[in-house]
Amino acid sequence: MKENDMQQKYVELQMIESQLKQLQQQFASIDQQVNALKKIDEDLSEFEKVKEDSKMFFSLGPGIFAEGTINSKDLLLNVGSSISIKKSIPETKTLIGTQVKELDELLLKMQEDMQIAGIRGQEIQQEIMEMNAKKDK
């Protein structure tokens with residue numbers, strides 16, 4: 001085998017490793033989104049149990065809370081471009097469930113892509129080893 005063929009294999013292997021690293025980072029980010037959505041869904045279930053006119057503390061950020069009274073259980077959902085719409089808790093939970101399902105499907109697809117890339121990387125490593133073995137003879 002030619003030295004040029006070996007270099008091409010190394011370049012291809014580096015590209016696959018880079019692609020795998022990117023996929024792993026994207027996977028971790030999407031997995032965090034899924035976990036955040038599931039936490040919101042749990043919090044909505046708890047909020048659903050609160051009676052109207054009850055006093056509550058609302059989180060304004062990490063470690064910052066404000067006291068308020070529940071006047072309505074309607075929620076405002078940001079739909080983009082600074083536009084918000086009113087939704088009930090069940091409607092919001094349905095929307096979150098749909099988002100979680102879509103993201104879970106994306107995660108499965110990404111796992112398949114990572115597995116395929118990993119297998120291809122192993123194949124290339126094997127080809128490089130065989131090329132080196134032939135070169136040494």
# chains A, B, ... in the order shown; residues from 1 in each chain; ligands from 1

$ residues_around --residues "Lys73 in chain A" --least-positions-apart "5" --cutoff "9 Å" --atoms "only C-alpha atoms" --output "PyMOL selection string"
chain A and resi 47-48+50-52+88-89

$ select_by_dssp --residues "chain A" --states "strand (DSSP E)" --output "list of chain:residue names"
A:Lys55, A:Met56, A:Phe57, A:Phe58, A:Ser59, A:Leu60, A:Gly61, A:Ile64, A:Phe65, A:Ala66, A:Glu67, A:Gly68, A:Thr69, A:Leu75, A:Leu76, A:Leu77, A:Asn78, A:Val79, A:Gly80, A:Ile83, A:Ser84, A:Ile85, A:Lys86, A:Lys87

$ write_last_selection --atoms "N, CA and C atoms" --output "PDB file, in the first residue's frame"
ATOM      1  N   LYS A  55     -50.720  31.161  49.038  1.00  0.00           N
ATOM      2  CA  LYS A  55     -49.460  31.900  48.949  1.00  0.00           C
ATOM      3  C   LYS A  55     -48.348  30.920  48.596  1.00  0.00           C
ATOM      4  N   MET A  56     -47.440  31.397  47.749  1.00  0.00           N
ATOM      5  CA  MET A  56     -46.304  30.575  47.317  1.00  0.00           C
ATOM      6  C   MET A  56     -45.070  31.435  47.174  1.00  0.00           C
ATOM      7  N   PHE A  57     -43.932  30.772  47.150  1.00  0.00           N
ATOM      8  CA  PHE A  57     -42.690  31.436  46.782  1.00  0.00           C
ATOM      9  C   PHE A  57     -42.373  31.049  45.342  1.00  0.00           C
ATOM     10  N   PHE A  58     -42.022  32.017  44.539  1.00  0.00           N
ATOM     11  CA  PHE A  58     -41.694  31.799  43.136  1.00  0.00           C
ATOM     12  C   PHE A  58     -40.213  32.063  42.917  1.00  0.00           C
ATOM     13  N   SER A  59     -39.563  31.179  42.228  1.00  0.00           N
ATOM     14  CA  SER A  59     -38.142  31.341  41.938  1.00  0.00           C
ATOM     15  C   SER A  59     -37.965  32.374  40.831  1.00  0.00           C
ATOM     16  N   LEU A  60     -37.112  33.352  41.105  1.00  0.00           N
ATOM     17  CA  LEU A  60     -36.776  34.360  40.100  1.00  0.00           C
ATOM     18  C   LEU A  60     -35.407  34.087  39.498  1.00  0.00           C
ATOM     19  N   GLY A  61     -34.711  33.165  40.063  1.00  0.00           N
ATOM     20  CA  GLY A  61     -33.374  32.790  39.623  1.00  0.00           C
ATOM     21  C   GLY A  61     -32.735  31.960  40.716  1.00  0.00           C
ATOM     22  N   ILE A  64     -33.040  33.072  44.471  1.00  0.00           N
ATOM     23  CA  ILE A  64     -33.828  34.301  44.611  1.00  0.00           C
ATOM     24  C   ILE A  64     -35.306  33.946  44.468  1.00  0.00           C
ATOM     25  N   PHE A  65     -36.100  34.290  45.501  1.00  0.00           N
ATOM     26  CA  PHE A  65     -37.510  33.941  45.506  1.00  0.00           C
ATOM     27  C   PHE A  65     -38.360  35.171  45.827  1.00  0.00           C
ATOM     28  N   ALA A  66     -39.576  35.151  45.313  1.00  0.00           N
ATOM     29  CA  ALA A  66     -40.548  36.195  45.631  1.00  0.00           C
ATOM     30  C   ALA A  66     -41.809  35.504  46.137  1.00  0.00           C
ATOM     31  N   GLU A  67     -42.476  36.135  47.094  1.00  0.00           N
ATOM     32  CA  GLU A  67     -43.719  35.582  47.604  1.00  0.00           C
ATOM     33  C   GLU A  67     -44.873  36.140  46.776  1.00  0.00           C
ATOM     34  N   GLY A  68     -45.839  35.298  46.489  1.00  0.00           N
ATOM     35  CA  GLY A  68     -46.994  35.732  45.718  1.00  0.00           C
ATOM     36  C   GLY A  68     -48.195  34.866  46.017  1.00  0.00           C
ATOM     37  N   THR A  69     -49.326  35.275  45.471  1.00  0.00           N
ATOM     38  CA  THR A  69     -50.578  34.535  45.643  1.00  0.00           C
ATOM     39  C   THR A  69     -51.019  34.013  44.288  1.00  0.00           C
ATOM     40  N   LEU A  75     -51.045  29.355  32.490  1.00  0.00           N
ATOM     41  CA  LEU A  75     -49.617  29.570  32.293  1.00  0.00           C
ATOM     42  C   LEU A  75     -49.403  30.373  31.017  1.00  0.00           C
ATOM     43  N   LEU A  76     -48.331  31.128  30.973  1.00  0.00           N
ATOM     44  CA  LEU A  76     -47.947  31.850  29.763  1.00  0.00           C
ATOM     45  C   LEU A  76     -46.746  31.135  29.168  1.00  0.00           C
ATOM     46  N   LEU A  77     -46.886  30.710  27.919  1.00  0.00           N
ATOM     47  CA  LEU A  77     -45.805  30.015  27.235  1.00  0.00           C
ATOM     48  C   LEU A  77     -45.240  30.915  26.151  1.00  0.00           C
ATOM     49  N   ASN A  78     -43.937  31.073  26.152  1.00  0.00           N
ATOM     50  CA  ASN A  78     -43.267  31.855  25.124  1.00  0.00           C
ATOM     51  C   ASN A  78     -43.218  31.007  23.853  1.00  0.00           C
ATOM     52  N   VAL A  79     -43.784  31.533  22.769  1.00  0.00           N
ATOM     53  CA  VAL A  79     -43.798  30.794  21.502  1.00  0.00           C
ATOM     54  C   VAL A  79     -42.847  31.416  20.488  1.00  0.00           C
ATOM     55  N   GLY A  80     -42.009  32.347  20.938  1.00  0.00           N
ATOM     56  CA  GLY A  80     -41.026  32.967  20.062  1.00  0.00           C
ATOM     57  C   GLY A  80     -41.362  34.411  19.767  1.00  0.00           C
ATOM     58  N   ILE A  83     -43.557  36.575  21.966  1.00  0.00           N
ATOM     59  CA  ILE A  83     -45.001  36.345  21.973  1.00  0.00           C
ATOM     60  C   ILE A  83     -45.298  35.205  22.944  1.00  0.00           C
ATOM     61  N   SER A  84     -46.246  35.445  23.845  1.00  0.00           N
ATOM     62  CA  SER A  84     -46.654  34.429  24.813  1.00  0.00           C
ATOM     63  C   SER A  84     -48.130  34.131  24.643  1.00  0.00           C
ATOM     64  N   ILE A  85     -48.475  32.868  24.902  1.00  0.00           N
ATOM     65  CA  ILE A  85     -49.879  32.461  24.823  1.00  0.00           C
ATOM     66  C   ILE A  85     -50.264  31.777  26.135  1.00  0.00           C
ATOM     67  N   LYS A  86     -51.558  31.886  26.474  1.00  0.00           N
ATOM     68  CA  LYS A  86     -52.062  31.231  27.685  1.00  0.00           C
ATOM     69  C   LYS A  86     -52.342  29.766  27.385  1.00  0.00           C
ATOM     70  N   LYS A  87     -51.928  28.932  28.323  1.00  0.00           N
ATOM     71  CA  LYS A  87     -52.203  27.497  28.238  1.00  0.00           C
ATOM     72  C   LYS A  87     -52.550  26.999  29.632  1.00  0.00           C
TER      73      LYS A  87
END

$ residues_around --residues "Val11 in chain A" --least-positions-apart "5" --cutoff "12 Å" --atoms "only C-alpha atoms" --output "MDAnalysis selection string"
chainID A and resid 4:6 16:18 121 124:125 128

$ write_last_selection --atoms "C-alpha atoms" --output "short mmCIF file (atom, residue, chain, number, x, y, z; two decimals), in the first residue's frame"
data_model
loop_
_atom_site.label_atom_id
_atom_site.label_comp_id
_atom_site.auth_asym_id
_atom_site.auth_seq_id
_atom_site.Cartn_x
_atom_site.Cartn_y
_atom_site.Cartn_z
CA ASN A 4 -0.71 8.27 0.51
CA ASP A 5 -3.35 5.60 1.23
CA MET A 6 -2.18 5.42 4.83
CA ILE A 16 -14.69 10.28 12.35
CA GLU A 17 -13.25 10.94 15.82
CA SER A 18 -14.13 14.62 15.46
CA GLY A 121 -13.60 4.08 13.07
CA ILE A 124 -10.31 2.10 9.64
CA GLN A 125 -8.07 1.37 12.62
CA ILE A 128 -4.29 0.96 9.25
#

$ closest_residue --among "A:Glu127, A:Asp41, A:Asp136, A:Glu112" --to "Phe27 in chain A" --atoms "only C-alpha atoms"
A:Glu112

$ residues_around --residues "Lys101 in chain A" --least-positions-apart "4" --cutoff "12 Å" --atoms "only C-alpha atoms" --output "PyMOL selection string"
chain A and resi 30-31+33-35+37-38+94-97+105-108

$ atom_distance --atom1 "CA of Ile70 in chain A" --atom2 "CA of Asp43 in chain A"
15.0 Å

$ select_by_dssp --residues "chain A" --states "helix (DSSP H, G or I)" --output "PyMOL selection string"
chain A and resi 3-48+89-136

$ closest_residue --among "A:Val100, A:Leu20, A:Ile119, A:Ala133" --to "Ala36 in chain A" --atoms "only C-alpha atoms"
A:Val100

$ closest_residue --among "A:Gln24, A:Glu3, A:Met110, A:Asp104" --to "Lys134 in chain A" --atoms "only C-alpha atoms"
A:Glu3

$ atom_distance --atom1 "CA of Gln25 in chain A" --atom2 "CA of Asp113 in chain A"
13.3 Å

$ closest_residue --among "A:Glu102, A:Asp74, A:Asp53, A:Glu130" --to "Pro90 in chain A" --atoms "only C-alpha atoms"
A:Asp74

$ closest_residue --among "A:Lys135, A:Ser29, A:Leu23, A:Ser81" --to "Gln111 in chain A" --atoms "only C-alpha atoms"
A:Leu23

$ atom_distance --atom1 "CA of Lys21 in chain A" --atom2 "CA of Gln99 in chain A"
24.8 Å

$ decode --residues "range 99-135 of chain A" --atoms "N, CA and C atoms" --output "short mmCIF file (atom, residue, chain, number, x, y, z; two decimals), in the first residue's frame"
data_model
loop_
_atom_site.label_atom_id
_atom_site.label_comp_id
_atom_site.auth_asym_id
_atom_site.auth_seq_id
_atom_site.Cartn_x
_atom_site.Cartn_y
_atom_site.Cartn_z
N GLN A 99 -42.59 17.34 23.22
CA GLN A 99 -41.20 17.76 23.05
C GLN A 99 -40.24 16.68 23.55
N VAL A 100 -40.54 16.09 24.70
CA VAL A 100 -39.69 15.03 25.25
C VAL A 100 -39.65 13.84 24.29
N LYS A 101 -40.79 13.47 23.74
CA LYS A 101 -40.85 12.35 22.80
C LYS A 101 -39.99 12.63 21.57
N GLU A 102 -40.11 13.84 21.02
CA GLU A 102 -39.32 14.20 19.83
C GLU A 102 -37.83 14.19 20.14
N LEU A 103 -37.45 14.72 21.30
CA LEU A 103 -36.04 14.74 21.68
C LEU A 103 -35.52 13.33 21.96
N ASP A 104 -36.34 12.48 22.56
CA ASP A 104 -35.95 11.09 22.80
C ASP A 104 -35.69 10.37 21.48
N GLU A 105 -36.55 10.63 20.47
CA GLU A 105 -36.35 10.03 19.16
C GLU A 105 -35.05 10.53 18.53
N LEU A 106 -34.76 11.81 18.71
CA LEU A 106 -33.52 12.37 18.20
C LEU A 106 -32.32 11.74 18.90
N LEU A 107 -32.43 11.52 20.19
CA LEU A 107 -31.34 10.88 20.94
C LEU A 107 -31.09 9.46 20.43
N LEU A 108 -32.16 8.74 20.14
CA LEU A 108 -32.00 7.38 19.59
C LEU A 108 -31.27 7.41 18.25
N LYS A 109 -31.66 8.36 17.40
CA LYS A 109 -31.02 8.51 16.08
C LYS A 109 -29.55 8.86 16.26
N MET A 110 -29.27 9.73 17.20
CA MET A 110 -27.88 10.11 17.45
C MET A 110 -27.06 8.93 17.98
N GLN A 111 -27.67 8.10 18.81
CA GLN A 111 -26.99 6.91 19.31
C GLN A 111 -26.64 5.98 18.15
N GLU A 112 -27.58 5.82 17.23
CA GLU A 112 -27.32 4.98 16.05
C GLU A 112 -26.18 5.57 15.23
N ASP A 113 -26.19 6.88 15.02
CA ASP A 113 -25.14 7.54 14.25
C ASP A 113 -23.78 7.37 14.93
N MET A 114 -23.75 7.49 16.27
CA MET A 114 -22.50 7.33 17.00
C MET A 114 -22.00 5.88 16.89
N GLN A 115 -22.94 4.95 16.93
CA GLN A 115 -22.55 3.54 16.83
C GLN A 115 -21.97 3.25 15.44
N ILE A 116 -22.62 3.77 14.40
CA ILE A 116 -22.13 3.57 13.04
C ILE A 116 -20.75 4.20 12.86
N ALA A 117 -20.59 5.41 13.36
CA ALA A 117 -19.30 6.09 13.26
C ALA A 117 -18.23 5.32 14.04
N GLY A 118 -18.59 4.81 15.21
CA GLY A 118 -17.64 4.04 16.01
C GLY A 118 -17.19 2.77 15.29
N ILE A 119 -18.14 2.09 14.67
CA ILE A 119 -17.81 0.87 13.91
C ILE A 119 -16.90 1.21 12.74
N ARG A 120 -17.23 2.30 12.03
CA ARG A 120 -16.40 2.70 10.89
C ARG A 120 -14.99 3.08 11.37
N GLY A 121 -14.90 3.74 12.52
CA GLY A 121 -13.60 4.08 13.07
C GLY A 121 -12.78 2.84 13.40
N GLN A 122 -13.43 1.82 13.95
CA GLN A 122 -12.74 0.57 14.25
C GLN A 122 -12.26 -0.12 12.97
N GLU A 123 -13.10 -0.07 11.93
CA GLU A 123 -12.72 -0.66 10.65
C GLU A 123 -11.48 0.02 10.08
N ILE A 124 -11.45 1.35 10.16
CA ILE A 124 -10.31 2.10 9.64
C ILE A 124 -9.06 1.80 10.46
N GLN A 125 -9.22 1.72 11.78
CA GLN A 125 -8.07 1.37 12.62
C GLN A 125 -7.52 0.01 12.23
N GLN A 126 -8.41 -0.93 11.96
CA GLN A 126 -7.99 -2.27 11.55
C GLN A 126 -7.25 -2.20 10.21
N GLU A 127 -7.77 -1.41 9.27
CA GLU A 127 -7.12 -1.25 7.96
C GLU A 127 -5.73 -0.64 8.12
N ILE A 128 -5.60 0.33 9.01
CA ILE A 128 -4.29 0.96 9.25
C ILE A 128 -3.32 -0.05 9.84
N MET A 129 -3.80 -0.86 10.78
CA MET A 129 -2.94 -1.88 11.37
C MET A 129 -2.47 -2.88 10.31
N GLU A 130 -3.38 -3.27 9.43
CA GLU A 130 -3.03 -4.21 8.36
C GLU A 130 -2.02 -3.58 7.39
N MET A 131 -2.21 -2.29 7.10
CA MET A 131 -1.28 -1.59 6.21
C MET A 131 0.11 -1.53 6.84
N ASN A 132 0.15 -1.26 8.15
CA ASN A 132 1.43 -1.21 8.86
C ASN A 132 2.09 -2.57 8.88
N ALA A 133 1.30 -3.62 9.07
CA ALA A 133 1.84 -4.97 9.11
C ALA A 133 2.45 -5.33 7.75
N LYS A 134 1.78 -4.96 6.66
CA LYS A 134 2.30 -5.25 5.32
C LYS A 134 3.55 -4.43 5.05
N LYS A 135 3.57 -3.21 5.55
CA LYS A 135 4.70 -2.31 5.34
C LYS A 135 5.94 -2.85 6.06
#
